[in-house]
$ cat work_33.pdb   # PDB, C-alpha atoms
ATOM      1  CA  MET A   1      76.759 114.633 131.490
ATOM      2  CA  SER A   2      75.054 115.168 128.128
ATOM      3  CA  VAL A   3      72.310 112.935 126.733
ATOM      4  CA  SER A   4      74.387 112.303 123.600
ATOM      5  CA  PHE A   5      77.278 111.045 125.726
ATOM      6  CA  LEU A   6      74.951 108.685 127.597
ATOM      7  CA  LEU A   7      73.566 107.366 124.312
ATOM      8  CA  LEU A   8      77.067 106.862 122.955
ATOM      9  CA  SER A   9      78.135 105.075 126.137
ATOM     10  CA  SER A  10      75.120 102.797 125.924
ATOM     11  CA  TRP A  11      75.910 102.039 122.287
ATOM     12  CA  LEU A  12      79.499 101.201 123.127
ATOM     13  CA  MET A  13      78.330  98.753 125.797
ATOM     14  CA  LEU A  14      76.082  96.807 123.419
ATOM     15  CA  PRO A  15      77.364  93.290 122.689
ATOM     16  CA  ILE A  16      78.495  92.466 119.177
ATOM     17  CA  SER A  17      75.465  91.486 117.119
ATOM     18  CA  ILE A  18      75.034  88.256 115.177
ATOM     19  CA  THR A  19      74.649  90.318 111.997
ATOM     20  CA  GLU A  20      77.866  92.242 112.618
ATOM     21  CA  LEU A  21      79.764  89.022 113.308
ATOM     22  CA  SER A  22      78.284  87.380 110.203
ATOM     23  CA  ASN A  23      79.299  90.347 108.059
ATOM     24  CA  PHE A  24      82.838  90.193 109.432
ATOM     25  CA  LYS A  25      82.987  86.461 108.714
ATOM     26  CA  GLY A  26      81.963  87.126 105.105
ATOM     27  CA  LEU A  27      84.625  89.809 104.831
ATOM     28  CA  SER A  28      87.260  87.426 106.210
ATOM     29  CA  VAL A  29      86.432  84.956 103.431
ATOM     30  CA  ASN A  30      86.086  87.247 100.421
ATOM     31  CA  LYS A  31      88.147  90.327 101.335
ATOM     32  CA  PRO A  32      90.568  89.205 104.048
ATOM     33  CA  LYS A  33      92.833  92.255 103.878
ATOM     34  CA  GLN A  34      89.843  94.526 104.457
ATOM     35  CA  ALA A  35      88.759  92.287 107.331
ATOM     36  CA  LEU A  36      92.134  92.807 108.977
ATOM     37  CA  VAL A  37      91.622  96.578 108.734
ATOM     38  CA  GLU A  38      88.221  96.251 110.424
ATOM     39  CA  TYR A  39      89.427  93.789 113.049
ATOM     40  CA  PRO A  40      91.225  96.195 115.463
ATOM     41  CA  ILE A  41      88.311  98.627 115.195
ATOM     42  CA  LEU A  42      85.873  95.929 116.300
ATOM     43  CA  VAL A  43      88.243  94.651 118.997
ATOM     44  CA  ASN A  44      88.498  98.152 120.434
ATOM     45  CA  ARG A  45      84.741  98.622 120.272
ATOM     46  CA  TYR A  46      84.074  95.415 122.215
ATOM     47  CA  GLN A  47      87.163  95.344 124.412
ATOM     48  CA  ASN A  48      85.075  95.115 127.583
ATOM     49  CA  ASP A  49      82.776  92.424 126.214
ATOM     50  CA  THR A  50      84.132  88.907 126.822
ATOM     51  CA  THR A  51      81.630  86.511 125.258
ATOM     52  CA  LYS A  52      81.606  83.610 122.817
ATOM     53  CA  GLN A  53      80.609  85.967 120.001
ATOM     54  CA  VAL A  54      83.563  88.267 120.648
ATOM     55  CA  ALA A  55      85.815  85.201 120.795
ATOM     56  CA  MET A  56      84.523  84.218 117.345
ATOM     57  CA  LEU A  57      85.556  87.645 116.066
ATOM     58  CA  HIS A  58      89.158  86.613 116.765
ATOM     59  CA  PHE A  59      88.528  83.191 115.198
ATOM     60  CA  HIS A  60      87.355  84.732 111.914
ATOM     61  CA  ALA A  61      90.214  87.245 112.017
ATOM     62  CA  LEU A  62      92.635  84.296 112.210
ATOM     63  CA  SER A  63      91.069  82.962 109.002
ATOM     64  CA  ALA A  64      91.464  86.375 107.374
ATOM     65  CA  ALA A  65      95.140  86.568 108.353
ATOM     66  CA  THR A  66      95.730  83.108 106.864
ATOM     67  CA  ARG A  67      94.029  84.018 103.589
ATOM     68  CA  ALA A  68      95.857  87.345 103.421
ATOM     69  CA  ARG A  69      99.127  85.618 104.411
ATOM     70  CA  ASP A  70      99.709  88.327 106.973
ATOM     71  CA  TRP A  71     101.822  86.314 109.383
ATOM     72  CA  PRO A  72     102.572  88.993 111.997
ATOM     73  CA  ALA A  73      98.810  89.558 112.274
ATOM     74  CA  PHE A  74      98.252  85.793 112.390
ATOM     75  CA  LEU A  75     100.621  85.435 115.351
ATOM     76  CA  ASN A  76      99.093  88.374 117.219
ATOM     77  CA  ILE A  77      95.570  87.023 116.761
ATOM     78  CA  LEU A  78      96.671  83.554 117.830
ATOM     79  CA  ASP A  79      98.120  85.049 121.027
ATOM     80  CA  GLU A  80      94.698  86.582 121.729
ATOM     81  CA  ILE A  81      92.968  83.247 121.105
ATOM     82  CA  PHE A  82      95.295  81.471 123.548
ATOM     83  CA  SER A  83      94.940  84.192 126.196
ATOM     84  CA  GLU A  84      93.365  83.160 129.496
ATOM     85  CA  LYS A  85      90.287  85.330 128.963
ATOM     86  CA  LEU A  86      89.443  83.834 125.545
ATOM     87  CA  LYS A  87      90.844  80.292 125.430
ATOM     88  CA  VAL A  88      87.926  78.948 127.469
ATOM     89  CA  TYR A  89      85.527  79.810 124.626
ATOM     90  CA  PHE A  90      87.262  77.678 121.998
ATOM     91  CA  ASP A  91      86.693  74.085 123.117
ATOM     92  CA  GLU A  92      84.517  73.445 120.066
ATOM     93  CA  GLU A  93      86.939  75.198 117.692
ATOM     94  CA  ARG A  94      90.203  73.542 118.732
ATOM     95  CA  LEU A  95      90.312  71.310 115.669
ATOM     96  CA  GLN A  96      89.631  74.251 113.332
ATOM     97  CA  ILE A  97      92.247  76.460 114.988
ATOM     98  CA  LEU A  98      94.885  73.724 114.867
ATOM     99  CA  SER A  99      93.982  73.174 111.214
ATOM    100  CA  LYS A 100      94.487  76.875 110.503
ATOM    101  CA  ILE A 101      97.883  76.684 112.200
ATOM    102  CA  GLY A 102      98.680  73.693 109.994
ATOM    103  CA  VAL A 103      97.664  75.653 106.901
ATOM    104  CA  ALA A 104      99.869  78.562 107.974
ATOM    105  CA  TYR A 105     102.856  76.245 108.342
ATOM    106  CA  ARG A 106     102.086  74.659 104.960
ATOM    107  CA  LEU A 107     101.903  78.001 103.172
ATOM    108  CA  ASN A 108     105.306  78.871 104.605
ATOM    109  CA  GLY A 109     106.847  75.566 103.555
ATOM    110  CA  GLN A 110     107.187  74.259 107.123
ATOM    111  CA  LEU A 111     105.672  70.955 106.120
ATOM    112  CA  GLU A 112     106.799  68.833 109.063
ATOM    113  CA  GLN A 113     105.238  71.325 111.488
ATOM    114  CA  ALA A 114     102.056  71.238 109.390
ATOM    115  CA  LYS A 115     101.938  67.433 109.577
ATOM    116  CA  LYS A 116     102.439  67.443 113.361
ATOM    117  CA  HIS A 117      99.670  69.982 113.947
ATOM    118  CA  TYR A 118      97.226  68.136 111.702
ATOM    119  CA  GLN A 119      98.097  64.913 113.527
ATOM    120  CA  CYS A 120      97.369  66.566 116.869
ATOM    121  CA  ALA A 121      94.095  67.920 115.524
ATOM    122  CA  PHE A 122      92.925  64.341 114.866
ATOM    123  CA  GLU A 123      92.592  63.963 118.653
ATOM    124  CA  PHE A 124      89.836  66.595 118.648
ATOM    125  CA  ALA A 125      87.848  65.182 115.727
ATOM    126  CA  ASP A 126      84.366  64.260 116.935
ATOM    127  CA  ASN A 127      82.886  62.889 113.712
ATOM    128  CA  ASN A 128      83.644  61.544 110.240
ATOM    129  CA  ILE A 129      83.279  64.973 108.653
ATOM    130  CA  GLU A 130      86.052  66.425 110.800
ATOM    131  CA  LEU A 131      88.231  63.380 110.171
ATOM    132  CA  ALA A 132      87.699  63.802 106.447
ATOM    133  CA  GLN A 133      88.648  67.472 106.605
ATOM    134  CA  LEU A 134      91.923  66.595 108.330
ATOM    135  CA  LYS A 135      92.683  63.864 105.804
ATOM    136  CA  VAL A 136      92.252  66.398 103.011
ATOM    137  CA  ASN A 137      94.680  68.767 104.748
ATOM    138  CA  GLN A 138      97.209  65.997 105.301
ATOM    139  CA  ALA A 139      96.893  64.972 101.651
ATOM    140  CA  ILE A 140      97.941  68.482 100.586
ATOM    141  CA  VAL A 141     101.114  68.160 102.656
ATOM    142  CA  PHE A 142     101.965  64.764 101.165
ATOM    143  CA  ARG A 143     101.481  66.166  97.659
ATOM    144  CA  LEU A 144     103.853  69.035  98.449
ATOM    145  CA  LEU A 145     106.333  66.497  99.795
ATOM    146  CA  GLU A 146     106.110  64.882  96.334
ATOM    147  CA  GLN A 147     104.379  61.801  97.692
ATOM    148  CA  PRO A 148     101.255  61.734  95.469
ATOM    149  CA  ALA A 149     100.547  58.049  96.154
ATOM    150  CA  LEU A 150     100.207  58.684  99.900
ATOM    151  CA  ALA A 151      98.149  61.804  99.230
ATOM    152  CA  PHE A 152      95.785  59.902  96.953
ATOM    153  CA  GLN A 153      95.522  57.033  99.444
ATOM    154  CA  LEU A 154      94.338  59.493 102.098
ATOM    155  CA  LEU A 155      91.754  60.998  99.769
ATOM    156  CA  GLU A 156      90.449  57.577  98.769
ATOM    157  CA  SER A 157      89.697  56.877 102.450
ATOM    158  CA  VAL A 158      87.406  59.924 102.652
ATOM    159  CA  ASP A 159      83.636  59.403 102.498
ATOM    160  CA  ILE A 160      82.952  62.420 100.304
ATOM    161  CA  ASP A 161      79.169  62.187 100.614
ATOM    162  CA  LYS A 162      79.422  63.133 104.304
ATOM    163  CA  LEU A 163      81.384  66.329 103.700
ATOM    164  CA  SER A 164      79.990  69.847 103.847
ATOM    165  CA  GLU A 165      80.030  71.707 100.535
ATOM    166  CA  ARG A 166      82.953  73.862 101.720
ATOM    167  CA  VAL A 167      85.120  70.885 102.687
ATOM    168  CA  LYS A 168      83.993  68.943  99.615
ATOM    169  CA  ALA A 169      85.228  71.812  97.432
ATOM    170  CA  GLY A 170      88.630  71.605  99.110
ATOM    171  CA  TYR A 171      88.635  67.855  98.533
ATOM    172  CA  TRP A 172      88.155  68.326  94.788
ATOM    173  CA  VAL A 173      90.880  70.985  94.629
ATOM    174  CA  VAL A 174      93.361  68.646  96.310
ATOM    175  CA  ARG A 175      92.325  65.753  94.087
ATOM    176  CA  GLY A 176      92.763  67.977  91.044
ATOM    177  CA  ASN A 177      96.229  69.030  92.164
ATOM    178  CA  ILE A 178      97.282  65.410  92.696
ATOM    179  CA  LYS A 179      95.957  64.345  89.278
ATOM    180  CA  GLN A 180      97.704  67.324  87.701
ATOM    181  CA  SER A 181     101.010  66.417  89.381
ATOM    182  CA  ILE A 182     101.022  63.014  87.653
ATOM    183  CA  GLY A 183      99.996  64.426  84.264
ATOM    184  CA  HIS A 184      96.312  63.402  84.311
ATOM    185  CA  PHE A 185      95.100  66.804  83.169
ATOM    186  CA  GLU A 186      91.592  65.888  82.006
ATOM    187  CA  GLU A 187      90.807  64.264  85.360
ATOM    188  CA  ALA A 188      92.341  67.251  87.131
ATOM    189  CA  LEU A 189      90.167  69.597  85.086
ATOM    190  CA  GLU A 190      87.031  67.674  86.038
ATOM    191  CA  SER A 191      87.972  67.908  89.727
ATOM    192  CA  PHE A 192      88.641  71.652  89.550
ATOM    193  CA  GLU A 193      85.290  72.249  87.826
ATOM    194  CA  ARG A 194      83.509  70.335  90.584
ATOM    195  CA  ALA A 195      85.246  72.534  93.160
ATOM    196  CA  HIS A 196      84.282  75.660  91.214
ATOM    197  CA  ARG A 197      80.579  74.772  91.331
ATOM    198  CA  LEU A 198      80.761  74.138  95.067
ATOM    199  CA  TYR A 199      82.572  77.421  95.795
ATOM    200  CA  LEU A 200      79.826  79.209  93.867
ATOM    201  CA  ASN A 201      77.233  77.480  96.054
ATOM    202  CA  VAL A 202      78.895  78.607  99.300
ATOM    203  CA  ASP A 203      79.661  82.114  97.976
ATOM    204  CA  ASN A 204      83.406  81.860  98.529
ATOM    205  CA  ARG A 205      84.431  84.302  95.829
ATOM    206  CA  SER A 206      88.164  84.295  96.506
ATOM    207  CA  ALA A 207      88.348  80.479  96.390
ATOM    208  CA  GLU A 208      86.146  80.462  93.293
ATOM    209  CA  ALA A 209      88.552  82.871  91.583
ATOM    210  CA  GLY A 210      91.548  80.823  92.717
ATOM    211  CA  VAL A 211      90.186  77.547  91.368
ATOM    212  CA  THR A 212      89.244  79.298  88.122
ATOM    213  CA  GLY A 213      92.974  79.892  87.707
ATOM    214  CA  ASN A 214      93.499  76.139  88.136
ATOM    215  CA  ILE A 215      90.805  75.418  85.558
ATOM    216  CA  LEU A 216      92.322  77.797  83.001
ATOM    217  CA  SER A 217      95.829  76.423  83.494
ATOM    218  CA  THR A 218      94.738  72.785  83.371
ATOM    219  CA  ALA A 219      92.379  73.313  80.436
ATOM    220  CA  LEU A 220      95.316  74.463  78.320
ATOM    221  CA  ALA A 221      97.475  71.589  79.576
ATOM    222  CA  ALA A 222      94.680  69.238  78.449
ATOM    223  CA  ASN A 223      94.272  71.152  75.149
ATOM    224  CA  LYS A 224      90.663  72.033  75.986
ATOM    225  CA  LEU A 225      90.451  75.454  74.344
ATOM    226  CA  GLU A 226      86.648  75.666  74.555
ATOM    227  CA  VAL A 227      86.748  75.165  78.318
ATOM    228  CA  PHE A 228      89.524  77.747  78.583
ATOM    229  CA  SER A 229      87.501  80.300  76.619
ATOM    230  CA  GLN A 230      84.379  79.635  78.701
ATOM    231  CA  TYR A 231      86.093  80.406  82.023
ATOM    232  CA  ARG A 232      88.436  83.095  80.673
ATOM    233  CA  ALA A 233      85.607  85.383  79.508
ATOM    234  CA  ASP A 234      85.085  88.354  81.856
ATOM    235  CA  PHE A 235      87.515  86.915  84.410
ATOM    236  CA  ASN A 236      89.938  89.853  84.598
ATOM    237  CA  SER A 237      87.872  91.963  86.980
ATOM    238  CA  LYS A 238      87.022  89.020  89.241
ATOM    239  CA  ALA A 239      90.680  87.971  89.438
ATOM    240  CA  SER A 240      91.740  91.540  90.168
ATOM    241  CA  GLU A 241      89.233  91.903  93.009
ATOM    242  CA  TYR A 242      89.342  88.483  94.650
ATOM    243  CA  TYR A 243      92.626  86.828  93.596
ATOM    244  CA  PRO A 244      95.045  89.509  92.353
ATOM    245  CA  GLN A 245      98.050  87.176  92.439
ATOM    246  CA  LEU A 246      96.593  85.530  89.308
ATOM    247  CA  SER A 247      96.550  88.697  87.215
ATOM    248  CA  ASP A 248     100.007  88.396  85.626
ATOM    249  CA  TYR A 249      99.676  84.613  85.170
ATOM    250  CA  LEU A 250      96.636  85.305  83.007
ATOM    251  CA  GLU A 251      98.995  86.936  80.486
ATOM    252  CA  TRP A 252     100.979  83.679  80.332
ATOM    253  CA  LEU A 253      97.764  81.731  79.742
ATOM    254  CA  ASP A 254      96.588  84.124  77.032
ATOM    255  CA  ILE A 255      99.903  83.802  75.171
ATOM    256  CA  ILE A 256      99.713  80.001  75.359
ATOM    257  CA  ALA A 257      96.081  79.974  74.166
ATOM    258  CA  TYR A 258      96.893  82.343  71.278
ATOM    259  CA  SER A 259      99.871  80.196  70.293
ATOM    260  CA  TYR A 260      97.718  77.047  70.322
ATOM    261  CA  LYS A 261      95.252  78.673  67.959
ATOM    262  CA  ALA A 262      97.969  80.108  65.717
ATOM    263  CA  GLN A 263      99.849  76.787  65.855
ATOM    264  CA  SER A 264     103.075  78.725  66.286
ATOM    265  CA  LEU A 265     104.974  80.669  68.935
ATOM    266  CA  SER A 266     106.152  84.115  67.879
ATOM    267  CA  THR A 267     109.630  85.368  68.683
ATOM    268  CA  ALA A 268     108.219  88.055  70.983
ATOM    269  CA  ASN A 269     106.006  85.584  72.865
ATOM    270  CA  HIS A 270     108.883  83.098  73.133
ATOM    271  CA  ALA A 271     110.990  85.816  74.761
ATOM    272  CA  TRP A 272     108.159  86.736  77.180
ATOM    273  CA  LEU A 273     107.657  83.113  78.245
ATOM    274  CA  LYS A 274     111.392  82.667  78.738
ATOM    275  CA  LYS A 275     111.522  85.769  80.947
ATOM    276  CA  HIS A 276     108.608  84.737  83.164
ATOM    277  CA  VAL A 277     108.719  80.925  83.357
ATOM    278  CA  ASP A 278     110.805  80.788  86.549
ATOM    279  CA  ILE A 279     108.389  83.087  88.389
ATOM    280  CA  PHE A 280     105.316  81.010  87.620
ATOM    281  CA  VAL A 281     106.992  77.679  88.364
ATOM    282  CA  GLU A 282     107.985  79.077  91.762
ATOM    283  CA  ARG A 283     104.337  80.011  92.379
ATOM    284  CA  GLY A 284     103.277  76.390  91.950
ATOM    285  CA  PHE A 285     102.054  76.263  88.344
ATOM    286  CA  GLY A 286     104.915  74.032  87.192
ATOM    287  CA  ASP A 287     102.914  70.882  86.357
ATOM    288  CA  SER A 288     100.689  72.689  83.870
ATOM    289  CA  ILE A 289     103.420  75.002  82.600
ATOM    290  CA  TYR A 290     105.569  72.112  81.400
ATOM    291  CA  ALA A 291     102.598  70.776  79.417
ATOM    292  CA  HIS A 292     101.959  74.265  77.980
ATOM    293  CA  LEU A 293     105.549  74.591  76.810
ATOM    294  CA  GLN A 294     105.534  71.112  75.299
ATOM    295  CA  ARG A 295     102.440  71.921  73.267
ATOM    296  CA  VAL A 296     103.983  75.087  71.786
ATOM    297  CA  GLY A 297     107.317  73.411  71.074
ATOM    298  CA  ALA A 298     109.234  75.245  73.804
ATOM    299  CA  ALA A 299     109.797  72.555  76.456
ATOM    300  CA  GLN A 300     113.454  73.595  76.602
ATOM    301  CA  LEU A 301     112.379  76.771  78.400
ATOM    302  CA  TYR A 302     111.293  74.821  81.473
ATOM    303  CA  PRO A 303     113.896  75.419  84.217
ATOM    304  CA  ALA A 304     115.558  72.198  85.322
ATOM    305  CA  GLY A 305     115.423  71.670  89.073
ATOM    306  CA  LYS A 306     113.128  74.629  89.692
ATOM    307  CA  THR A 307     110.269  73.936  92.122
ATOM    308  CA  MET A 308     107.549  75.786  93.990
ATOM    309  CA  LYS A 309     108.949  78.524  96.209
ATOM    310  CA  PHE A 310     107.449  79.037  99.647
ATOM    311  CA  SER A 311     107.265  82.228 101.663
ATOM    312  CA  ALA A 312     110.555  83.297 103.235
ATOM    313  CA  TYR A 313     108.673  83.991 106.476
ATOM    314  CA  LYS A 314     109.237  81.350 109.139
ATOM    315  CA  LEU A 315     106.683  80.879 111.879
ATOM    316  CA  PRO A 316     107.822  79.829 115.357
ATOM    317  CA  GLU A 317     107.536  76.085 115.866
ATOM    318  CA  LYS A 318     104.937  74.382 118.086
ATOM    319  CA  LEU A 319     102.358  77.164 117.876
ATOM    320  CA  GLY A 320      99.654  74.702 118.905
ATOM    321  CA  SER A 321     101.430  73.620 122.076
ATOM    322  CA  PRO A 322      98.726  74.984 124.447
ATOM    323  CA  TRP A 323      96.530  72.140 123.155
ATOM    324  CA  CYS A 324      99.212  69.769 121.850
ATOM    325  CA  GLY A 325     101.758  69.016 124.533
ATOM    326  CA  GLN A 326     103.405  66.269 122.466
ATOM    327  CA  LEU A 327     104.651  68.701 119.798
TER     328      LEU A 327
END
$ encode --input "work_33.pdb" --output "structure tokens"
Amino acid sequence: MSVSFLLLSSWLMLPISITELSNFKGLSVNKPKQALVEYPILVNRYQNDTTKQVAMLHFHALSAATRARDWPAFLNILDEIFSEKLKVYFDEERLQILSKIGVAYRLNGQLEQAKKHYQCAFEFADNNIELAQLKVNQAIVFRLLEQPALAFQLLESVDIDKLSERVKAGYWVVRGNIKQSIGHFEEALESFERAHRLYLNVDNRSAEAGVTGNILSTALAANKLEVFSQYRADFNSKASEYYPQLSDYLEWLDIIAYSYKAQSLSTANHAWLKKHVDIFVERGFGDSIYAHLQRVGAAQLYPAGKTMKFSAYKLPEKLGSPWCGQL
């Protein structure tokens, strides 16, 4: 047996390092699709190593699959997490995993399943911070169910000073979305800007890019052109890298901003808005879009009865049943 083979064998038997796991976690947050490419490579490398750190590799991969909205991968990773060899390592992460399942259901429009999984997760909350996190998640579901009063009531019960910066950022995003849904665009803008600062602090570049889209959209709805210009500058490359689904919506925003400044809507721009309005309403920008169209004298373009469109993918029900028998 060669020396090189022995060295390689020894290397393959090394446990996953804290640095390697930390790097993968960062990838799962900022470049989730790339993380999902790396994930099977790392799983294969450490297939004979059953430790808490290897278990956390699967945990972060589940986050990546959620952010990438790769639902087949999400289900496969969840199966690994619930396997007999790994499930024992996740006692401290049960709330987080159930929350991720709830988010997955929410993103696919399965709102009742999301509510049930968040409700189950409350049983595993050990402190006020975890309770607050769950209330924020539940508030998102109530907003999507067009029950903003219930959503706001939940948020008002949260002690925001006790939240981590990451959860606090999510709180401000949800608050901004609720305020936007009832036409309070200036208050929504303030909330989104608070979230933006917090996402910068925690180096969550994809979330920062996503909430920048909210800021731009709401700034125009509130007729705050200076704020729009501030956040719009040099944003194309960041959106392309970290939140590519915003790229074509930026063209909508630029047309609206130009029309505000020109105080008129050209025939060509009117035709472009008419062609694309349904798409962007279905993506969830409807509250701001109606305000945009009103301000440029084109409210008639807003599609009556059109609402946010969820993914056509349907997850199996009761995914959290290994920990939630009452589902």
$ closest_atom_pairs --input "work_33.pdb" --of "segment 141-232 of chain A" --to "segment 61-74 of chain A" --cutoff "12 Å" --atoms "all atoms listed in the file" --output "CSV"
residue,atom,partner,partner_atom,distance
A:Asn204,CA,A:Arg67,CA,12.0
A:Ser206,CA,A:Arg67,CA,9.2
A:Ala207,CA,A:Arg67,CA,9.8
A:Gly210,CA,A:Arg67,CA,11.6
$ closest_residue --input "work_33.pdb" --among "A:Tyr39, A:Cys120, A:Met308, A:Asp126" --to "Cys324 of chain A" --atoms "only C-alpha atoms"
A:Cys120
$ residues_around --input "work_33.pdb" --residues "segment 235-242 of chain A" --least-positions-apart "2" --cutoff "10 Å" --atoms "only C-alpha atoms" --output "PyMOL selection string"
chain A and resi 29-32+204-210+212-213+230-233+244-248+250
$ axis_aligned_box --input "work_33.pdb" --around "segment 178-187 of chain A" --padding-each-side "6 Å" --output "lines of an AutoDock Vina configuration file"
center_x = 95.9
center_y = 65.2
center_z = 87.4
size_x = 22.2
size_y = 16.3
size_z = 22.7
$ residues_around --input "work_33.pdb" --residues "Gly109 of chain A" --least-positions-apart "2" --cutoff "9 Å" --atoms "all atoms listed in the file" --output "list in words"
Ala104, Tyr105, Arg106, Leu107, Leu111, Glu112, Ala114, Leu144, Lys309, Phe310, Ser311, Ala312 and Lys314 of chain A
$ residues_around --input "work_33.pdb" --residues "segment 296-304 of chain A" --least-positions-apart "3" --cutoff "7 Å" --atoms "all atoms listed in the file" --output "MDAnalysis selection string"
chainID A and resid 259:260 264:265 274 277:278 290 292:293
$ resolve_selection --input "work_33.pdb" --expression "the PyMOL selection byres ((chain A and resi 287) around 9)" --output "PyMOL selection string"
chain A and resi 180-183+218+221+281+284-286+288-291
$ closest_atom_pairs --input "work_33.pdb" --of "segment 179-244 of chain A" --to "segment 156-166 of chain A" --cutoff "8 Å" --atoms "only C-alpha atoms" --output "CSV"
residue,atom,partner,partner_atom,distance
A:Leu198,CA,A:Glu165,CA,6.0
A:Tyr199,CA,A:Arg166,CA,6.9
A:Asn201,CA,A:Glu165,CA,7.8
A:Val202,CA,A:Arg166,CA,6.7
$ residues_around --input "work_33.pdb" --residues "segment 148-152 of chain A" --least-positions-apart "5" --cutoff "6 Å" --atoms "all atoms listed in the file" --output "VMD selection string"
chain A and resid 139 142 to 143
$ decode --input "work_33.pdb" --residues "segment 169-184 of chain A" --atoms "N, CA, C and O atoms" --output "short mmCIF file (atom, residue, chain, number, x, y, z; two decimals), in the first residue's frame"
data_model
loop_
_atom_site.label_atom_id
_atom_site.label_comp_id
_atom_site.auth_asym_id
_atom_site.auth_seq_id
_atom_site.Cartn_x
_atom_site.Cartn_y
_atom_site.Cartn_z
N ALA A 169 -34.49 41.42 12.24
CA ALA A 169 -34.61 41.83 10.84
C ALA A 169 -35.87 41.25 10.21
O ALA A 169 -36.62 41.95 9.52
N GLY A 170 -36.12 39.96 10.48
CA GLY A 170 -37.34 39.34 9.97
C GLY A 170 -38.59 40.00 10.52
O GLY A 170 -39.58 40.18 9.79
N TYR A 171 -38.53 40.38 11.79
CA TYR A 171 -39.66 41.09 12.40
C TYR A 171 -39.98 42.37 11.62
O TYR A 171 -41.15 42.64 11.30
N TRP A 172 -38.95 43.14 11.30
CA TRP A 172 -39.19 44.42 10.61
C TRP A 172 -39.67 44.20 9.18
O TRP A 172 -40.47 44.99 8.66
N VAL A 173 -39.23 43.12 8.54
CA VAL A 173 -39.73 42.81 7.20
C VAL A 173 -41.23 42.50 7.25
O VAL A 173 -42.02 43.02 6.45
N VAL A 174 -41.61 41.67 8.21
CA VAL A 174 -43.03 41.31 8.34
C VAL A 174 -43.86 42.54 8.68
O VAL A 174 -44.94 42.77 8.10
N ARG A 175 -43.37 43.35 9.59
CA ARG A 175 -44.09 44.58 9.96
C ARG A 175 -44.25 45.48 8.74
O ARG A 175 -45.32 46.07 8.51
N GLY A 176 -43.17 45.58 7.95
CA GLY A 176 -43.25 46.40 6.74
C GLY A 176 -44.27 45.88 5.75
O GLY A 176 -45.03 46.64 5.15
N ASN A 177 -44.32 44.56 5.59
CA ASN A 177 -45.29 43.96 4.68
C ASN A 177 -46.72 44.20 5.13
O ASN A 177 -47.61 44.43 4.31
N ILE A 178 -46.95 44.12 6.45
CA ILE A 178 -48.30 44.36 6.97
C ILE A 178 -48.70 45.82 6.75
O ILE A 178 -49.81 46.11 6.27
N LYS A 179 -47.79 46.75 7.07
CA LYS A 179 -48.08 48.17 6.87
C LYS A 179 -48.33 48.47 5.40
O LYS A 179 -49.22 49.26 5.04
N GLN A 180 -47.56 47.83 4.53
CA GLN A 180 -47.73 48.03 3.10
C GLN A 180 -49.10 47.52 2.64
O GLN A 180 -49.76 48.13 1.80
N SER A 181 -49.55 46.40 3.21
CA SER A 181 -50.81 45.79 2.78
C SER A 181 -52.02 46.66 3.11
O SER A 181 -53.08 46.51 2.51
N ILE A 182 -51.87 47.56 4.09
CA ILE A 182 -52.98 48.46 4.44
C ILE A 182 -52.72 49.89 3.95
O ILE A 182 -53.38 50.83 4.38
N GLY A 183 -51.73 50.03 3.06
CA GLY A 183 -51.49 51.32 2.41
C GLY A 183 -50.67 52.31 3.20
O GLY A 183 -50.57 53.49 2.81
N HIS A 184 -50.03 51.89 4.30
CA HIS A 184 -49.20 52.79 5.10
C HIS A 184 -47.75 52.69 4.60
O HIS A 184 -46.88 52.09 5.25
#
